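Undergrad: Dumping the structure here so I can ask a few things about it.
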Protein chains: 2
Amino acid sequence: MNKIAIAIHGGAGTILKSRMTAELEKEYGRALENALQVGWQIIQSGGNSLDAVETSVCELENNPLFNAGRGSVFTHDGKNEMDASIMDGKTHNAGAVALIQNVKNPIKLARLVMEKTEHFLLAGDGANEFAREMKIESVEDEYFFTDFRYRQLIEAQKENRVQLDHSEKGERRKEKGEDRNPKSKIQNPKSKIQNPIGTVGAVACDSSGNLAAATSTGGMTNKKFGRIGDTPIVGAGTYADNNTCAVSCTGHGEFFMLAAAAYDVAARMKYKSVSLIEAANETIEHLRLIGGEGGLIAVDNLGNLALPFNSEGMYRAFITSDSKMSIEIYR
Amino acid sequence: MNKIAIAIHGGAGTILKSRMTAELEKEYGRALENALQVGWQIIQSGGNSLDAVETSVCELENNPLFNAGRGSVFTHDGKNEMDASIMDGKTHNAGAVALIQNVKNPIKLARLVMEKTEHFLLAGDGANEFAREMKIESVEDEYFFTDFRYRQLIEAQKENRVQLDHSEKGERRKEKGEDRNPKSKIQNPKSKIQNPIGTVGAVACDSSGNLAAATSTGGMTNKKFGRIGDTPIVGAGTYADNNTCAVSCTGHGEFFMLAAAAYDVAARMKYKSVSLIEAANETIEHLRLIGGEGGLIAVDNLGNLALPFNSEGMYRAFITSDSKMSIEIYR
């Protein structure tokens, strides 16, 4: 029987111990432990990795501490638009949704896209129509409301005035015209966006050696224009292939898309024949070099895990056949 | 001075010589030649690859022969929803739009996302709102109407009755339950979708050795639920990095997403140190093995080109410093 393993994350970014209270740390710890345990129970009792990652992500989506499902941040219009994706490493089937509203568990809708349609990615009005046809559990706008998220929106809207006015756009154009050094561009093509911490994800290897990955997010506070980040993109935010690894990413989405981060871990394993841990570390180091803050969790078909990140912290937890439960936030 | 090169495609798929008339072949030939020449003029006169690929793709979008811009297919609701993406290999900046309506040249909107926003991908209502704010040229629904595309919709709707009724969904579930052989899954995870030929794209290398890629599509006939394919996905349908290559893909989008096809060519070059041509051929062979029909065009920073495909045909054309113009449809 294969060694089994599961890892989850609740987002990466500037998580400073100095800003944390002991009580809040405990809350995050409990939340991560609960989400890890529900997935672990499934693979430990012989269940499959796909059910495990979906169940763990649902648990995180139901907790307002994280920026996914219930705790999703507000868009510019005061709405909650969510993205999620899931991939099965055995069948290479995948499903994802983007810009969906009023769905309690976006990861469940992503799984329905995988199982009930010929497509990988559904977005916007169409994806919401699909949700209604599938009769998936829906919730009112109020379900997503927390004082904390609302204050985040108000703050971001104040700061954003600068980012959206014309003088600032003028500066960016000027900057582009003057800057002939490709390196400095490569350092930071999309550097000005604020990244709320709290995208969630899970990866697992079950007793048959089957891998799966799932990721879910509420996106960016104050986002406009239907922005889609890496979370619902197979190859960027989520990837799973029994021959290499399963990966779930969290961080500055635009950079993870640019780096095709989740697939890049698998590509390094396939083409360079490096281990999971080497591949995952290399991908995160590459992201650091191009200015992409964040982290990822990854598992291979021997039940090895990697949880690298280049930010101050990443909410994370794991258990394997060989190791006890571990729950960590900081470096 | 660097060798310069440009290649374009107008879609890959089952293009049978037996179904072609001499007149239609000529029309395609003229359309490809015009689109190639406008891009070539730009890089030949010292212009940059980004302007070249955008201009060539605009020309293809304006021609109703291709499934992009004016010639976009109809969705299930009789609308035209378009996707496009563009990437600059020098700055690694990218822009993409998905599910946009009434925009004359989606590739121009993708470039505005790249240059005027902090994001890579905008979709749906938000992307349409962005189009209006940018005051990009818009067109009425009638602009996209052709008898040919409308007949395609009617035909697809007739065939689709089978695909969407409950017995068929029942069969698919049963099939999933019975089939325990992962190989047969991997062969064809998303095999039942019809792929209209005609996604367009361009890649170029300019005299400074800068690479760029652009891709544009009208999506799938009769598509529902806001399906997004590989075209607007950086890493799947489009990719550009001066250190490796620029790539534009066309084919069965779900498979190109699964394979992170455009980035996979670059990954093979970086991690296996193979040539552009080897890498591009390997990616297309991998797609064939997993059941993904289609092709791609790619250029490296020495001005070498690769135009592999695993389908019956691919509308394609290229010119380089070393070679005369070539326009081809079949194998």
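Identifiers for the structure tokens are assigned positionally: chains receive A, B, ... in sequence, residues are indexed from 1 per chain, and ligands are indexed from 1 in the order shown.
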Provide as a PyMOL selection string the residues of chain B at most 8 Å from chain A, counting only C-alpha atoms.
TA: chain B and resi 90-94+115-116+118-130+169+182-183+185-186+189-193+224-229+233-235+254+257-260+263-264+267-268+271-272
Undergrad: Using DSSP on the backbone coordinates, identify all residues within region 42-160 of chain B classified as strand (DSSP E); present the result as a ChimeraX atom specification.
TA: /B:82-88,94-100,121-123
Undergrad: Could you give me, as a PDB file with N, CA, C and O atoms, in the first residue's frame, the residues within 8 Å of region 76-83 of chain A, counting only C-alpha atoms and dropping anything in the same chain fewer than 5 positions from it?
TA:
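Writing done, so here's part16.pdb:
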ATOM      1  N   ALA A  68     -11.826  32.798   0.903  1.00  0.00           N
ATOM      2  CA  ALA A  68     -12.399  31.793   0.001  1.00  0.00           C
ATOM      3  C   ALA A  68     -13.761  31.458   0.569  1.00  0.00           C
ATOM      4  O   ALA A  68     -13.941  31.456   1.791  1.00  0.00           O
ATOM      5  N   GLY A  69     -14.733  31.174  -0.280  1.00  0.00           N
ATOM      6  CA  GLY A  69     -16.070  30.864   0.213  1.00  0.00           C
ATOM      7  C   GLY A  69     -16.561  31.974   1.130  1.00  0.00           C
ATOM      8  O   GLY A  69     -16.532  33.155   0.774  1.00  0.00           O
ATOM      9  N   ALA A  96     -13.020  23.936 -13.278  1.00  0.00           N
ATOM     10  CA  ALA A  96     -12.747  25.211 -12.619  1.00  0.00           C
ATOM     11  C   ALA A  96     -13.881  26.176 -12.884  1.00  0.00           C
ATOM     12  O   ALA A  96     -14.579  26.085 -13.895  1.00  0.00           O
ATOM     13  N   VAL A  97     -14.066  27.102 -11.947  1.00  0.00           N
ATOM     14  CA  VAL A  97     -15.058  28.164 -12.104  1.00  0.00           C
ATOM     15  C   VAL A  97     -14.399  29.486 -11.733  1.00  0.00           C
ATOM     16  O   VAL A  97     -13.496  29.534 -10.898  1.00  0.00           O
ATOM     17  N   ALA A  98     -14.865  30.562 -12.374  1.00  0.00           N
ATOM     18  CA  ALA A  98     -14.319  31.885 -12.086  1.00  0.00           C
ATOM     19  C   ALA A  98     -15.442  32.899 -12.028  1.00  0.00           C
ATOM     20  O   ALA A  98     -16.440  32.777 -12.745  1.00  0.00           O
ATOM     21  N   LEU A  99     -15.301  33.886 -11.145  1.00  0.00           N
ATOM     22  CA  LEU A  99     -16.251  34.991 -11.025  1.00  0.00           C
ATOM     23  C   LEU A  99     -17.652  34.500 -10.683  1.00  0.00           C
ATOM     24  O   LEU A  99     -18.638  35.008 -11.201  1.00  0.00           O
ATOM     25  N   ILE A 100     -17.738  33.513  -9.797  1.00  0.00           N
ATOM     26  CA  ILE A 100     -19.072  33.029  -9.417  1.00  0.00           C
ATOM     27  C   ILE A 100     -19.536  33.706  -8.131  1.00  0.00           C
ATOM     28  O   ILE A 100     -18.729  34.120  -7.296  1.00  0.00           O
ATOM     29  N   GLN A 101     -20.857  33.799  -8.010  1.00  0.00           N
ATOM     30  CA  GLN A 101     -21.455  34.504  -6.875  1.00  0.00           C
ATOM     31  C   GLN A 101     -22.475  33.607  -6.178  1.00  0.00           C
ATOM     32  O   GLN A 101     -23.136  32.793  -6.814  1.00  0.00           O
ATOM     33  N   ASN A 102     -22.608  33.820  -4.853  1.00  0.00           N
ATOM     34  CA  ASN A 102     -23.677  33.198  -4.068  1.00  0.00           C
ATOM     35  C   ASN A 102     -23.625  31.680  -4.033  1.00  0.00           C
ATOM     36  O   ASN A 102     -24.628  31.033  -3.715  1.00  0.00           O
ATOM     37  N   PRO A 106     -17.539  26.988  -3.729  1.00  0.00           N
ATOM     38  CA  PRO A 106     -17.067  27.028  -5.122  1.00  0.00           C
ATOM     39  C   PRO A 106     -16.323  25.760  -5.555  1.00  0.00           C
ATOM     40  O   PRO A 106     -16.421  25.350  -6.709  1.00  0.00           O
ATOM     41  N   ASP A 141     -26.243  37.114  -0.169  1.00  0.00           N
ATOM     42  CA  ASP A 141     -25.087  38.009  -0.064  1.00  0.00           C
ATOM     43  C   ASP A 141     -24.598  38.144   1.386  1.00  0.00           C
ATOM     44  O   ASP A 141     -23.400  38.204   1.639  1.00  0.00           O
ATOM     45  N   PHE A 144     -21.685  36.247   3.166  1.00  0.00           N
ATOM     46  CA  PHE A 144     -20.280  36.591   2.953  1.00  0.00           C
ATOM     47  C   PHE A 144     -19.842  37.840   3.714  1.00  0.00           C
ATOM     48  O   PHE A 144     -18.684  38.227   3.664  1.00  0.00           O
ATOM     49  N   LEU A 153     -12.255  46.560   2.184  1.00  0.00           N
ATOM     50  CA  LEU A 153     -12.709  47.179   0.938  1.00  0.00           C
ATOM     51  C   LEU A 153     -12.609  48.693   1.023  1.00  0.00           C
ATOM     52  O   LEU A 153     -12.092  49.342   0.109  1.00  0.00           O
ATOM     53  N   GLN A 157     -10.328  50.950  -1.321  1.00  0.00           N
ATOM     54  CA  GLN A 157     -10.927  51.940  -2.211  1.00  0.00           C
ATOM     55  C   GLN A 157     -10.265  53.296  -2.030  1.00  0.00           C
ATOM     56  O   GLN A 157     -10.051  54.019  -2.995  1.00  0.00           O
ATOM     57  N   SER A 216      -9.052  27.364  -3.958  1.00  0.00           N
ATOM     58  CA  SER A 216     -10.259  28.203  -3.947  1.00  0.00           C
ATOM     59  C   SER A 216      -9.915  29.576  -3.396  1.00  0.00           C
ATOM     60  O   SER A 216      -9.119  29.694  -2.465  1.00  0.00           O
ATOM     61  N   THR A 217     -10.510  30.608  -3.973  1.00  0.00           N
ATOM     62  CA  THR A 217     -10.189  31.964  -3.523  1.00  0.00           C
ATOM     63  C   THR A 217     -11.371  32.911  -3.682  1.00  0.00           C
ATOM     64  O   THR A 217     -12.256  32.684  -4.509  1.00  0.00           O
ATOM     65  N   GLY A 218     -11.342  33.972  -2.886  1.00  0.00           N
ATOM     66  CA  GLY A 218     -12.289  35.071  -3.047  1.00  0.00           C
ATOM     67  C   GLY A 218     -11.696  36.209  -3.852  1.00  0.00           C
ATOM     68  O   GLY A 218     -12.301  37.267  -3.972  1.00  0.00           O
ATOM     69  N   GLY A 219     -10.499  36.008  -4.395  1.00  0.00           N
ATOM     70  CA  GLY A 219      -9.898  37.006  -5.275  1.00  0.00           C
ATOM     71  C   GLY A 219      -9.257  38.154  -4.526  1.00  0.00           C
ATOM     72  O   GLY A 219      -8.759  37.999  -3.415  1.00  0.00           O
ATOM     73  N   THR A 221      -9.342  42.112  -2.956  1.00  0.00           N
ATOM     74  CA  THR A 221     -10.189  43.181  -2.444  1.00  0.00           C
ATOM     75  C   THR A 221     -10.242  44.317  -3.458  1.00  0.00           C
ATOM     76  O   THR A 221      -9.210  44.694  -4.023  1.00  0.00           O
ATOM     77  N   ASN A 222     -11.440  44.820  -3.699  1.00  0.00           N
ATOM     78  CA  ASN A 222     -11.620  45.992  -4.551  1.00  0.00           C
ATOM     79  C   ASN A 222     -11.330  45.714  -6.022  1.00  0.00           C
ATOM     80  O   ASN A 222     -11.109  46.622  -6.802  1.00  0.00           O
ATOM     81  N   LYS A 223     -11.318  44.441  -6.426  1.00  0.00           N
ATOM     82  CA  LYS A 223     -11.012  44.143  -7.830  1.00  0.00           C
ATOM     83  C   LYS A 223     -12.146  44.617  -8.733  1.00  0.00           C
ATOM     84  O   LYS A 223     -13.315  44.639  -8.355  1.00  0.00           O
ATOM     85  N   LYS A 224     -11.767  45.017  -9.940  1.00  0.00           N
ATOM     86  CA  LYS A 224     -12.733  45.515 -10.929  1.00  0.00           C
ATOM     87  C   LYS A 224     -12.601  44.682 -12.197  1.00  0.00           C
ATOM     88  O   LYS A 224     -11.658  43.932 -12.374  1.00  0.00           O
ATOM     89  N   ILE A 228      -9.425  37.731 -13.324  1.00  0.00           N
ATOM     90  CA  ILE A 228      -9.235  36.338 -12.950  1.00  0.00           C
ATOM     91  C   ILE A 228      -7.752  36.120 -12.667  1.00  0.00           C
ATOM     92  O   ILE A 228      -6.906  36.519 -13.464  1.00  0.00           O
ATOM     93  N   THR A 231      -5.872  31.079  -9.509  1.00  0.00           N
ATOM     94  CA  THR A 231      -6.576  29.994  -8.813  1.00  0.00           C
ATOM     95  C   THR A 231      -7.393  29.084  -9.728  1.00  0.00           C
ATOM     96  O   THR A 231      -7.316  27.863  -9.597  1.00  0.00           O
ATOM     97  N   PRO A 232      -8.197  29.645 -10.671  1.00  0.00           N
ATOM     98  CA  PRO A 232      -8.999  28.731 -11.489  1.00  0.00           C
ATOM     99  C   PRO A 232      -8.283  28.239 -12.741  1.00  0.00           C
ATOM    100  O   PRO A 232      -8.911  27.636 -13.615  1.00  0.00           O
TER     101      PRO A 232
END
Undergrad: Quick one: residues within 12 Å of Glu25 (chain B), only C-alpha atoms counted, chain neighbours fewer than 3 positions away excluded, as a PyMOL selection string?
TA: chain B and resi 15-22+28-32+65+315+327-330
Undergrad: Quote the spacing between CA of Ser248 (chain B) and CA of Ala298 (chain B) in Å to one decimal place.
TA: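 Going from CA of Ser248 (chain B) over to CA of Ala298 (chain B) covers 6.6 Å.
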Undergrad: Do you know which residues are at most 6 Å from region 198-215 of chain A counting only C-alpha atoms, after dropping those on the same chain fewer than 2 positions away, and could you put them as an NGL selection string?
TA: :A and (1-2 or 4-11 or 43 or 48-50 or 53 or 57 or 66-68 or 84-90 or 217 or 240 or 242 or 246-248 or 250 or 301 or 303)
Undergrad: For CA of Asn304 (chain B) and CA of Thr55 (chain B), quote the distance in Å rounded to one decimal.
TA: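 Between these atoms lies a distance of 20.8 Å.
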Undergrad: Looking only at alpha helix (DSSP H) from DSSP on the backbone, list the matching residues of region 221-312 of chain A as a short mmCIF file (atom, residue, chain, number, x, y, z; two decimals) with all heavy atoms, in the first residue's frame.
TA:
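Heads up, here's the output in result_34.cif:
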data_model
loop_
_atom_site.label_atom_id
_atom_site.label_comp_id
_atom_site.auth_asym_id
_atom_site.auth_seq_id
_atom_site.Cartn_x
_atom_site.Cartn_y
_atom_site.Cartn_z
N GLY A 253 -1.27 36.33 -7.95
CA GLY A 253 -1.76 35.51 -9.04
C GLY A 253 -1.13 35.77 -10.40
O GLY A 253 -0.83 34.83 -11.14
N GLU A 254 -0.93 37.04 -10.75
CA GLU A 254 -0.41 37.36 -12.08
C GLU A 254 0.96 36.72 -12.30
O GLU A 254 1.26 36.23 -13.39
CB GLU A 254 -0.34 38.88 -12.27
CG GLU A 254 -1.66 39.52 -12.73
CD GLU A 254 -2.76 39.51 -11.67
OE1 GLU A 254 -2.47 39.24 -10.49
OE2 GLU A 254 -3.93 39.74 -12.04
N PHE A 255 1.79 36.69 -11.27
CA PHE A 255 3.12 36.08 -11.41
C PHE A 255 3.02 34.55 -11.51
O PHE A 255 3.80 33.92 -12.22
CB PHE A 255 4.01 36.47 -10.23
CG PHE A 255 4.45 37.89 -10.30
CD1 PHE A 255 3.74 38.88 -9.64
CD2 PHE A 255 5.56 38.26 -11.03
CE1 PHE A 255 4.14 40.21 -9.70
CE2 PHE A 255 5.97 39.58 -11.10
CZ PHE A 255 5.26 40.56 -10.43
N PHE A 256 2.07 33.98 -10.78
CA PHE A 256 1.91 32.53 -10.84
C PHE A 256 1.39 32.10 -12.21
O PHE A 256 1.70 31.02 -12.69
CB PHE A 256 0.99 32.05 -9.70
CG PHE A 256 1.70 31.97 -8.37
CD1 PHE A 256 2.06 33.11 -7.68
CD2 PHE A 256 2.06 30.74 -7.84
CE1 PHE A 256 2.74 33.05 -6.46
CE2 PHE A 256 2.74 30.65 -6.62
CZ PHE A 256 3.07 31.81 -5.94
N MET A 257 0.59 32.99 -12.86
CA MET A 257 0.13 32.71 -14.22
C MET A 257 1.31 32.81 -15.19
O MET A 257 1.50 31.96 -16.06
CB MET A 257 -0.95 33.70 -14.62
CG MET A 257 -2.22 33.55 -13.81
SD MET A 257 -3.32 34.99 -13.97
CE MET A 257 -4.32 34.46 -15.37
N LEU A 258 2.07 33.88 -15.06
CA LEU A 258 3.24 34.11 -15.91
C LEU A 258 4.19 32.92 -15.84
O LEU A 258 4.77 32.50 -16.85
CB LEU A 258 3.94 35.38 -15.41
CG LEU A 258 5.30 35.73 -15.97
CD1 LEU A 258 5.20 35.94 -17.47
CD2 LEU A 258 5.83 36.99 -15.31
N ALA A 261 3.00 28.33 -12.69
CA ALA A 261 3.70 27.83 -11.51
C ALA A 261 3.39 26.38 -11.15
O ALA A 261 4.30 25.59 -10.89
CB ALA A 261 3.40 28.74 -10.31
N ALA A 262 2.10 26.02 -11.13
CA ALA A 262 1.76 24.66 -10.69
C ALA A 262 2.32 23.63 -11.67
O ALA A 262 2.91 22.62 -11.28
CB ALA A 262 0.24 24.52 -10.56
N TYR A 263 2.17 23.91 -12.98
CA TYR A 263 2.71 22.99 -13.97
C TYR A 263 4.23 23.01 -13.98
O TYR A 263 4.87 21.99 -14.27
CB TYR A 263 2.17 23.31 -15.37
CG TYR A 263 2.77 22.42 -16.42
CD1 TYR A 263 2.47 21.06 -16.44
CD2 TYR A 263 3.67 22.90 -17.36
CE1 TYR A 263 3.05 20.21 -17.37
CE2 TYR A 263 4.26 22.07 -18.29
CZ TYR A 263 3.94 20.71 -18.29
OH TYR A 263 4.52 19.87 -19.21
N ASP A 264 4.82 24.15 -13.67
CA ASP A 264 6.28 24.27 -13.69
C ASP A 264 6.94 23.27 -12.73
O ASP A 264 8.01 22.73 -13.03
CB ASP A 264 6.70 25.70 -13.33
CG ASP A 264 8.19 25.94 -13.52
OD1 ASP A 264 8.69 25.72 -14.64
OD2 ASP A 264 8.85 26.33 -12.54
N VAL A 265 6.31 23.02 -11.59
CA VAL A 265 6.87 22.03 -10.65
C VAL A 265 6.91 20.66 -11.34
O VAL A 265 7.95 19.96 -11.32
CB VAL A 265 6.04 21.94 -9.35
CG1 VAL A 265 6.62 20.90 -8.41
CG2 VAL A 265 5.96 23.31 -8.66
N ALA A 266 5.81 20.29 -12.00
CA ALA A 266 5.76 19.00 -12.70
C ALA A 266 6.76 18.97 -13.85
O ALA A 266 7.44 17.96 -14.07
CB ALA A 266 4.34 18.77 -13.23
N ALA A 267 6.88 20.09 -14.59
CA ALA A 267 7.80 20.15 -15.74
C ALA A 267 9.24 19.94 -15.29
O ALA A 267 10.01 19.23 -15.94
CB ALA A 267 7.65 21.49 -16.47
N ARG A 268 9.62 20.55 -14.17
CA ARG A 268 10.99 20.37 -13.67
C ARG A 268 11.24 18.92 -13.29
O ARG A 268 12.32 18.38 -13.50
CB ARG A 268 11.23 21.30 -12.47
CG ARG A 268 11.35 22.77 -12.87
CD ARG A 268 11.45 23.68 -11.64
NE ARG A 268 11.28 25.08 -11.98
CZ ARG A 268 12.28 25.92 -12.26
NH1 ARG A 268 13.52 25.52 -12.22
NH2 ARG A 268 12.02 27.19 -12.57
N MET A 269 10.22 18.27 -12.67
CA MET A 269 10.38 16.85 -12.31
C MET A 269 10.53 15.98 -13.56
O MET A 269 11.41 15.12 -13.63
CB MET A 269 9.17 16.38 -11.49
CG MET A 269 9.13 16.99 -10.09
SD MET A 269 7.65 16.49 -9.16
CE MET A 269 8.05 14.77 -8.78
N LYS A 270 9.68 16.23 -14.57
CA LYS A 270 9.69 15.42 -15.79
C LYS A 270 10.95 15.62 -16.61
O LYS A 270 11.55 14.68 -17.10
CB LYS A 270 8.51 15.84 -16.70
CG LYS A 270 7.21 15.19 -16.44
CD LYS A 270 6.22 15.41 -17.59
CE LYS A 270 5.75 16.86 -17.71
NZ LYS A 270 4.66 17.04 -18.70
N TYR A 271 11.30 16.91 -16.83
CA TYR A 271 12.33 17.22 -17.83
C TYR A 271 13.73 17.32 -17.24
O TYR A 271 14.71 17.17 -17.96
CB TYR A 271 11.98 18.52 -18.56
CG TYR A 271 10.62 18.48 -19.23
CD1 TYR A 271 9.81 19.62 -19.28
CD2 TYR A 271 10.14 17.32 -19.84
CE1 TYR A 271 8.56 19.58 -19.89
CE2 TYR A 271 8.90 17.28 -20.44
CZ TYR A 271 8.12 18.41 -20.47
OH TYR A 271 6.89 18.38 -21.07
N LYS A 272 13.82 17.63 -15.93
CA LYS A 272 15.14 17.73 -15.30
C LYS A 272 15.41 16.56 -14.37
O LYS A 272 16.49 16.46 -13.80
CB LYS A 272 15.23 19.03 -14.47
CG LYS A 272 15.15 20.30 -15.27
CD LYS A 272 15.17 21.52 -14.36
CE LYS A 272 16.52 21.76 -13.72
NZ LYS A 272 16.50 22.98 -12.86
N LEU A 276 10.66 16.05 -6.06
CA LEU A 276 9.55 16.97 -5.79
C LEU A 276 10.04 18.19 -5.03
O LEU A 276 9.69 19.33 -5.37
CB LEU A 276 8.47 16.26 -4.97
CG LEU A 276 7.31 17.18 -4.53
CD1 LEU A 276 6.29 17.29 -5.64
CD2 LEU A 276 6.66 16.70 -3.25
N ILE A 277 10.84 17.95 -3.98
CA ILE A 277 11.26 19.05 -3.12
C ILE A 277 12.15 20.03 -3.89
O ILE A 277 11.97 21.25 -3.82
CB ILE A 277 11.93 18.52 -1.84
CG1 ILE A 277 10.85 17.85 -0.97
CG2 ILE A 277 12.64 19.62 -1.06
CD1 ILE A 277 11.38 17.05 0.19
N GLU A 278 13.11 19.49 -4.67
CA GLU A 278 13.96 20.37 -5.48
C GLU A 278 13.12 21.17 -6.48
O GLU A 278 13.30 22.38 -6.62
CB GLU A 278 14.98 19.53 -6.26
CG GLU A 278 16.10 18.98 -5.40
CD GLU A 278 16.96 17.99 -6.18
OE1 GLU A 278 16.48 16.87 -6.45
OE2 GLU A 278 18.09 18.36 -6.54
N ALA A 279 12.20 20.48 -7.16
CA ALA A 279 11.38 21.15 -8.17
C ALA A 279 10.55 22.27 -7.54
O ALA A 279 10.50 23.40 -8.06
CB ALA A 279 10.48 20.14 -8.87
N ALA A 280 9.89 21.97 -6.43
CA ALA A 280 9.02 22.95 -5.78
C ALA A 280 9.84 24.15 -5.29
O ALA A 280 9.43 25.30 -5.45
CB ALA A 280 8.27 22.30 -4.62
N ASN A 281 11.02 23.88 -4.70
CA ASN A 281 11.88 24.97 -4.24
C ASN A 281 12.34 25.83 -5.41
O ASN A 281 12.39 27.06 -5.30
CB ASN A 281 13.10 24.41 -3.50
CG ASN A 281 12.74 23.91 -2.11
OD1 ASN A 281 11.69 24.26 -1.57
ND2 ASN A 281 13.60 23.09 -1.54
N GLU A 282 12.70 25.20 -6.53
CA GLU A 282 13.16 25.95 -7.70
C GLU A 282 12.06 26.87 -8.24
O GLU A 282 12.30 28.01 -8.60
CB GLU A 282 13.61 24.99 -8.80
CG GLU A 282 14.96 24.34 -8.54
CD GLU A 282 15.36 23.35 -9.64
OE1 GLU A 282 14.73 23.37 -10.73
OE2 GLU A 282 16.28 22.55 -9.40
N THR A 283 10.84 26.35 -8.30
CA THR A 283 9.72 27.15 -8.80
C THR A 283 9.50 28.37 -7.91
O THR A 283 9.31 29.49 -8.41
CB THR A 283 8.43 26.31 -8.88
OG1 THR A 283 8.64 25.25 -9.82
CG2 THR A 283 7.24 27.14 -9.32
N ILE A 284 9.54 28.17 -6.60
CA ILE A 284 9.30 29.28 -5.68
C ILE A 284 10.46 30.28 -5.71
O ILE A 284 10.26 31.50 -5.60
CB ILE A 284 9.04 28.74 -4.24
CG1 ILE A 284 7.66 28.08 -4.19
CG2 ILE A 284 9.15 29.85 -3.18
CD1 ILE A 284 6.49 29.02 -4.51
N GLU A 285 11.68 29.79 -5.91
CA GLU A 285 12.82 30.69 -6.04
C GLU A 285 12.71 31.49 -7.34
O GLU A 285 12.98 32.70 -7.36
CB GLU A 285 14.13 29.88 -6.00
CG GLU A 285 15.40 30.67 -6.29
CD GLU A 285 15.67 31.80 -5.30
OE1 GLU A 285 14.98 31.89 -4.26
OE2 GLU A 285 16.56 32.63 -5.60
N HIS A 286 12.29 30.84 -8.42
CA HIS A 286 12.07 31.56 -9.68
C HIS A 286 11.02 32.65 -9.49
O HIS A 286 11.18 33.79 -9.96
CB HIS A 286 11.64 30.58 -10.78
CG HIS A 286 11.15 31.26 -12.02
ND1 HIS A 286 11.99 31.96 -12.88
CD2 HIS A 286 9.90 31.39 -12.55
CE1 HIS A 286 11.27 32.46 -13.87
NE2 HIS A 286 10.00 32.14 -13.69
N LEU A 287 9.95 32.33 -8.78
CA LEU A 287 8.91 33.33 -8.53
C LEU A 287 9.48 34.51 -7.75
O LEU A 287 9.17 35.67 -8.03
CB LEU A 287 7.72 32.70 -7.79
CG LEU A 287 6.78 31.93 -8.72
CD1 LEU A 287 5.96 30.91 -7.96
CD2 LEU A 287 5.85 32.90 -9.45
N ARG A 288 10.32 34.22 -6.76
CA ARG A 288 10.94 35.29 -5.98
C ARG A 288 11.77 36.20 -6.90
O ARG A 288 11.69 37.43 -6.82
CB ARG A 288 11.84 34.70 -4.89
CG ARG A 288 12.34 35.73 -3.87
CD ARG A 288 13.36 35.14 -2.89
NE ARG A 288 14.62 34.76 -3.53
CZ ARG A 288 15.58 35.62 -3.90
NH1 ARG A 288 15.42 36.91 -3.72
NH2 ARG A 288 16.68 35.18 -4.49
N LEU A 289 12.52 35.59 -7.81
CA LEU A 289 13.39 36.37 -8.69
C LEU A 289 12.59 37.30 -9.61
O LEU A 289 13.04 38.39 -9.95
CB LEU A 289 14.27 35.44 -9.54
CG LEU A 289 15.36 34.71 -8.77
CD1 LEU A 289 16.05 33.68 -9.67
CD2 LEU A 289 16.40 35.70 -8.22
N ILE A 290 11.41 36.87 -10.04
CA ILE A 290 10.61 37.73 -10.92
C ILE A 290 9.68 38.64 -10.12
O ILE A 290 8.92 39.41 -10.69
CB ILE A 290 9.81 36.92 -11.98
CG1 ILE A 290 8.77 35.98 -11.34
CG2 ILE A 290 10.76 36.14 -12.88
CD1 ILE A 290 7.84 35.33 -12.36
#
Undergrad: Please compute the CA of Gly39 (chain A)-CA of Ser323 (chain A) distance, one decimal, in Å.
TA: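 We find that CA of Gly39 (chain A) and CA of Ser323 (chain A) lie 15.7 Å from each other.
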